[in-house]
Amino acid sequence: MRKITILNWVLKIFIGLLILAIPINECLRYNMSSEEITIIYKESIFGNLSPYIMLLRIVVLIFTIFNIQKGLQAFIKEGVFNFKSSERFKRSGYLSLLLSVSGIIIRLLGMSQTPKDQILSDIIMYLLLLAIGIGLLAFSDVIKKGNIIETENNLTI
């Protein structure tokens, strides 16, 4: 249980850093002139909307990590097999799938602007995120079935 507690705190710190990075990024971007912003994002497939798409993806990532952290927190408070953890891990699994599929699509749409080795490494990372999302969904099912078995076992005794 100690490792779960450590992971819970690491995720809390990571969420805090991500939330802190958003306004810093926005401040840095607003200090640039419109010409500089146009030059930076002219190669992007979304143009000047690229920072907002990235902000949306970061927010989804924060919600994903937040749900994993809350699932771990439910582990600590209520034991391993509980309904809250199952729902939190399921939600984070679907959000991970959304992030990975959207990342792969964005990377494939922008193939002409980036080097081929960069595309390959990005797609491998997104496929890893896809596998993590599927793993979270499977883990959620294991927790749910364990909760059912534990409840039936408690009723039997």
# chains A, B, ... in the order shown; residues from 1 in each chain; ligands from 1
$ residues_around --residues "stretch 134-150 of chain A" --least-positions-apart "2" --cutoff "10 Å" --atoms "only C-alpha atoms" --output "VMD selection string"
chain A and resid 68 71 79 to 94 96 to 97 128 to 132 152 to 156
$ atom_distance --atom1 "atom CA of A:Val101" --atom2 "atom CA of A:Ile37"
27.2 Å
$ atom_distance --atom1 "atom CA of A:Ser50" --atom2 "atom CA of A:Lys116"
20.7 Å
$ atom_distance --atom1 "atom CA of A:Ala21" --atom2 "atom CA of A:Thr114"
25.0 Å
$ residues_around --residues "A:Leu109" --least-positions-apart "5" --cutoff "12 Å" --atoms "only C-alpha atoms" --output "list in words"
Ser44, Ile45, Phe46, Ser102, Gly103, Ile104, Thr114 and Ile119 of chain A
$ write_last_selection --atoms "N, CA, C and O atoms" --output "compact mmCIF listing (two decimals), in the first residue's frame"
# COMPACT_ATOMS: atom_id res chain seq x y z
N SER A 44 1.88 24.69 -38.96
CA SER A 44 0.99 23.76 -38.27
C SER A 44 -0.29 23.52 -39.08
O SER A 44 -0.75 24.41 -39.81
N ILE A 45 -0.88 22.35 -38.91
CA ILE A 45 -2.11 22.04 -39.66
C ILE A 45 -3.30 22.82 -39.14
O ILE A 45 -4.26 23.04 -39.86
N PHE A 46 -3.24 23.28 -37.89
CA PHE A 46 -4.34 24.05 -37.33
C PHE A 46 -4.09 25.56 -37.37
O PHE A 46 -4.94 26.33 -36.96
N SER A 102 -6.45 10.82 -31.02
CA SER A 102 -6.36 12.18 -31.56
C SER A 102 -4.91 12.54 -31.89
O SER A 102 -4.65 13.20 -32.89
N GLY A 103 -3.98 12.11 -31.06
CA GLY A 103 -2.57 12.38 -31.33
C GLY A 103 -2.09 11.70 -32.60
O GLY A 103 -1.34 12.30 -33.39
N ILE A 104 -2.51 10.46 -32.80
CA ILE A 104 -2.12 9.74 -34.03
C ILE A 104 -2.70 10.43 -35.26
O ILE A 104 -2.02 10.63 -36.27
N THR A 114 6.77 17.40 -40.77
CA THR A 114 7.75 16.93 -39.78
C THR A 114 8.60 15.80 -40.38
O THR A 114 8.17 15.10 -41.29
N ILE A 119 7.91 11.46 -36.79
CA ILE A 119 6.56 10.92 -36.91
C ILE A 119 6.50 9.51 -36.33
O ILE A 119 5.60 9.18 -35.57
$ decode --residues "stretch 73-87 of chain A" --atoms "all heavy atoms" --output "short mmCIF file (atom, residue, chain, number, x, y, z; two decimals), in the first residue's frame"
data_model
loop_
_atom_site.label_atom_id
_atom_site.label_comp_id
_atom_site.auth_asym_id
_atom_site.auth_seq_id
_atom_site.Cartn_x
_atom_site.Cartn_y
_atom_site.Cartn_z
N GLN A 73 -6.47 7.01 -4.79
CA GLN A 73 -6.89 7.53 -3.48
C GLN A 73 -8.03 6.68 -2.92
O GLN A 73 -8.08 6.42 -1.71
CB GLN A 73 -7.31 8.98 -3.62
CG GLN A 73 -7.43 9.72 -2.32
CD GLN A 73 -7.61 11.20 -2.56
OE1 GLN A 73 -7.88 11.67 -3.68
NE2 GLN A 73 -7.46 11.98 -1.51
N ALA A 74 -8.93 6.23 -3.78
CA ALA A 74 -10.01 5.34 -3.33
C ALA A 74 -9.44 3.99 -2.90
O ALA A 74 -9.97 3.36 -1.97
CB ALA A 74 -11.05 5.16 -4.44
N PHE A 75 -8.37 3.53 -3.57
CA PHE A 75 -7.67 2.31 -3.12
C PHE A 75 -7.23 2.46 -1.67
O PHE A 75 -7.40 1.58 -0.85
CB PHE A 75 -6.42 2.08 -3.96
CG PHE A 75 -6.59 1.21 -5.16
CD1 PHE A 75 -7.82 0.76 -5.57
CD2 PHE A 75 -5.48 0.85 -5.90
CE1 PHE A 75 -7.95 -0.03 -6.69
CE2 PHE A 75 -5.59 0.06 -7.02
CZ PHE A 75 -6.84 -0.38 -7.42
N ILE A 76 -6.62 3.60 -1.38
CA ILE A 76 -6.05 3.84 -0.05
C ILE A 76 -7.16 3.91 1.00
O ILE A 76 -7.04 3.34 2.08
CB ILE A 76 -5.20 5.12 -0.06
CG1 ILE A 76 -3.98 4.93 -0.98
CG2 ILE A 76 -4.76 5.51 1.34
CD1 ILE A 76 -3.25 6.22 -1.31
N LYS A 77 -8.25 4.61 0.69
CA LYS A 77 -9.31 4.83 1.67
C LYS A 77 -10.27 3.66 1.82
O LYS A 77 -10.70 3.34 2.93
CB LYS A 77 -10.11 6.08 1.31
CG LYS A 77 -9.36 7.36 1.51
CD LYS A 77 -10.22 8.55 1.19
CE LYS A 77 -9.43 9.83 1.42
NZ LYS A 77 -10.22 11.02 1.06
N GLU A 78 -10.61 3.00 0.71
CA GLU A 78 -11.68 2.00 0.74
C GLU A 78 -11.22 0.59 0.44
O GLU A 78 -12.06 -0.31 0.35
CB GLU A 78 -12.78 2.41 -0.24
CG GLU A 78 -13.40 3.75 0.09
CD GLU A 78 -14.41 4.17 -0.94
OE1 GLU A 78 -14.96 3.29 -1.64
OE2 GLU A 78 -14.67 5.38 -1.02
N GLY A 79 -9.95 0.38 0.23
CA GLY A 79 -9.47 -0.95 -0.12
C GLY A 79 -9.36 -1.11 -1.62
O GLY A 79 -9.79 -0.26 -2.40
N VAL A 80 -8.79 -2.24 -2.03
CA VAL A 80 -8.48 -2.44 -3.44
C VAL A 80 -9.73 -2.59 -4.30
O VAL A 80 -9.85 -1.97 -5.35
CB VAL A 80 -7.56 -3.68 -3.61
CG1 VAL A 80 -7.31 -3.95 -5.08
CG2 VAL A 80 -6.26 -3.47 -2.88
N PHE A 81 -10.68 -3.39 -3.86
CA PHE A 81 -11.86 -3.65 -4.68
C PHE A 81 -12.99 -2.71 -4.26
O PHE A 81 -13.67 -2.94 -3.27
CB PHE A 81 -12.30 -5.11 -4.53
CG PHE A 81 -11.27 -6.08 -5.00
CD1 PHE A 81 -10.67 -6.96 -4.13
CD2 PHE A 81 -10.88 -6.11 -6.33
CE1 PHE A 81 -9.71 -7.85 -4.56
CE2 PHE A 81 -9.92 -7.00 -6.77
CZ PHE A 81 -9.33 -7.86 -5.87
N ASN A 82 -13.17 -1.65 -5.03
CA ASN A 82 -14.28 -0.72 -4.77
C ASN A 82 -14.78 -0.15 -6.08
O ASN A 82 -14.07 -0.10 -7.08
CB ASN A 82 -13.86 0.37 -3.77
CG ASN A 82 -12.74 1.23 -4.29
OD1 ASN A 82 -12.95 2.00 -5.21
ND2 ASN A 82 -11.55 1.09 -3.71
N PHE A 83 -16.01 0.28 -6.05
CA PHE A 83 -16.68 0.76 -7.24
C PHE A 83 -16.10 2.09 -7.73
O PHE A 83 -15.99 2.33 -8.92
CB PHE A 83 -18.18 0.89 -6.97
CG PHE A 83 -18.98 1.27 -8.17
CD1 PHE A 83 -19.12 0.41 -9.24
CD2 PHE A 83 -19.58 2.53 -8.25
CE1 PHE A 83 -19.86 0.76 -10.35
CE2 PHE A 83 -20.30 2.89 -9.36
CZ PHE A 83 -20.45 2.01 -10.41
N LYS A 84 -15.70 2.97 -6.80
CA LYS A 84 -15.16 4.28 -7.19
C LYS A 84 -13.89 4.14 -8.02
O LYS A 84 -13.73 4.82 -9.03
CB LYS A 84 -14.86 5.11 -5.94
CG LYS A 84 -16.07 5.64 -5.24
CD LYS A 84 -15.64 6.47 -4.04
CE LYS A 84 -16.85 6.91 -3.25
NZ LYS A 84 -16.45 7.67 -2.05
N SER A 85 -12.98 3.27 -7.58
CA SER A 85 -11.74 3.07 -8.33
C SER A 85 -12.03 2.53 -9.73
O SER A 85 -11.42 2.96 -10.71
CB SER A 85 -10.82 2.09 -7.60
OG SER A 85 -10.34 2.66 -6.42
N SER A 86 -12.96 1.61 -9.79
CA SER A 86 -13.31 1.02 -11.09
C SER A 86 -13.81 2.09 -12.05
O SER A 86 -13.38 2.15 -13.21
CB SER A 86 -14.37 -0.06 -10.89
OG SER A 86 -14.82 -0.54 -12.13
N GLU A 87 -14.69 2.95 -11.58
CA GLU A 87 -15.24 4.01 -12.44
C GLU A 87 -14.16 5.02 -12.82
O GLU A 87 -14.12 5.48 -13.96
CB GLU A 87 -16.41 4.70 -11.75
CG GLU A 87 -17.65 3.86 -11.70
CD GLU A 87 -18.13 3.45 -13.09
OE1 GLU A 87 -18.25 4.33 -13.97
OE2 GLU A 87 -18.38 2.26 -13.30
#
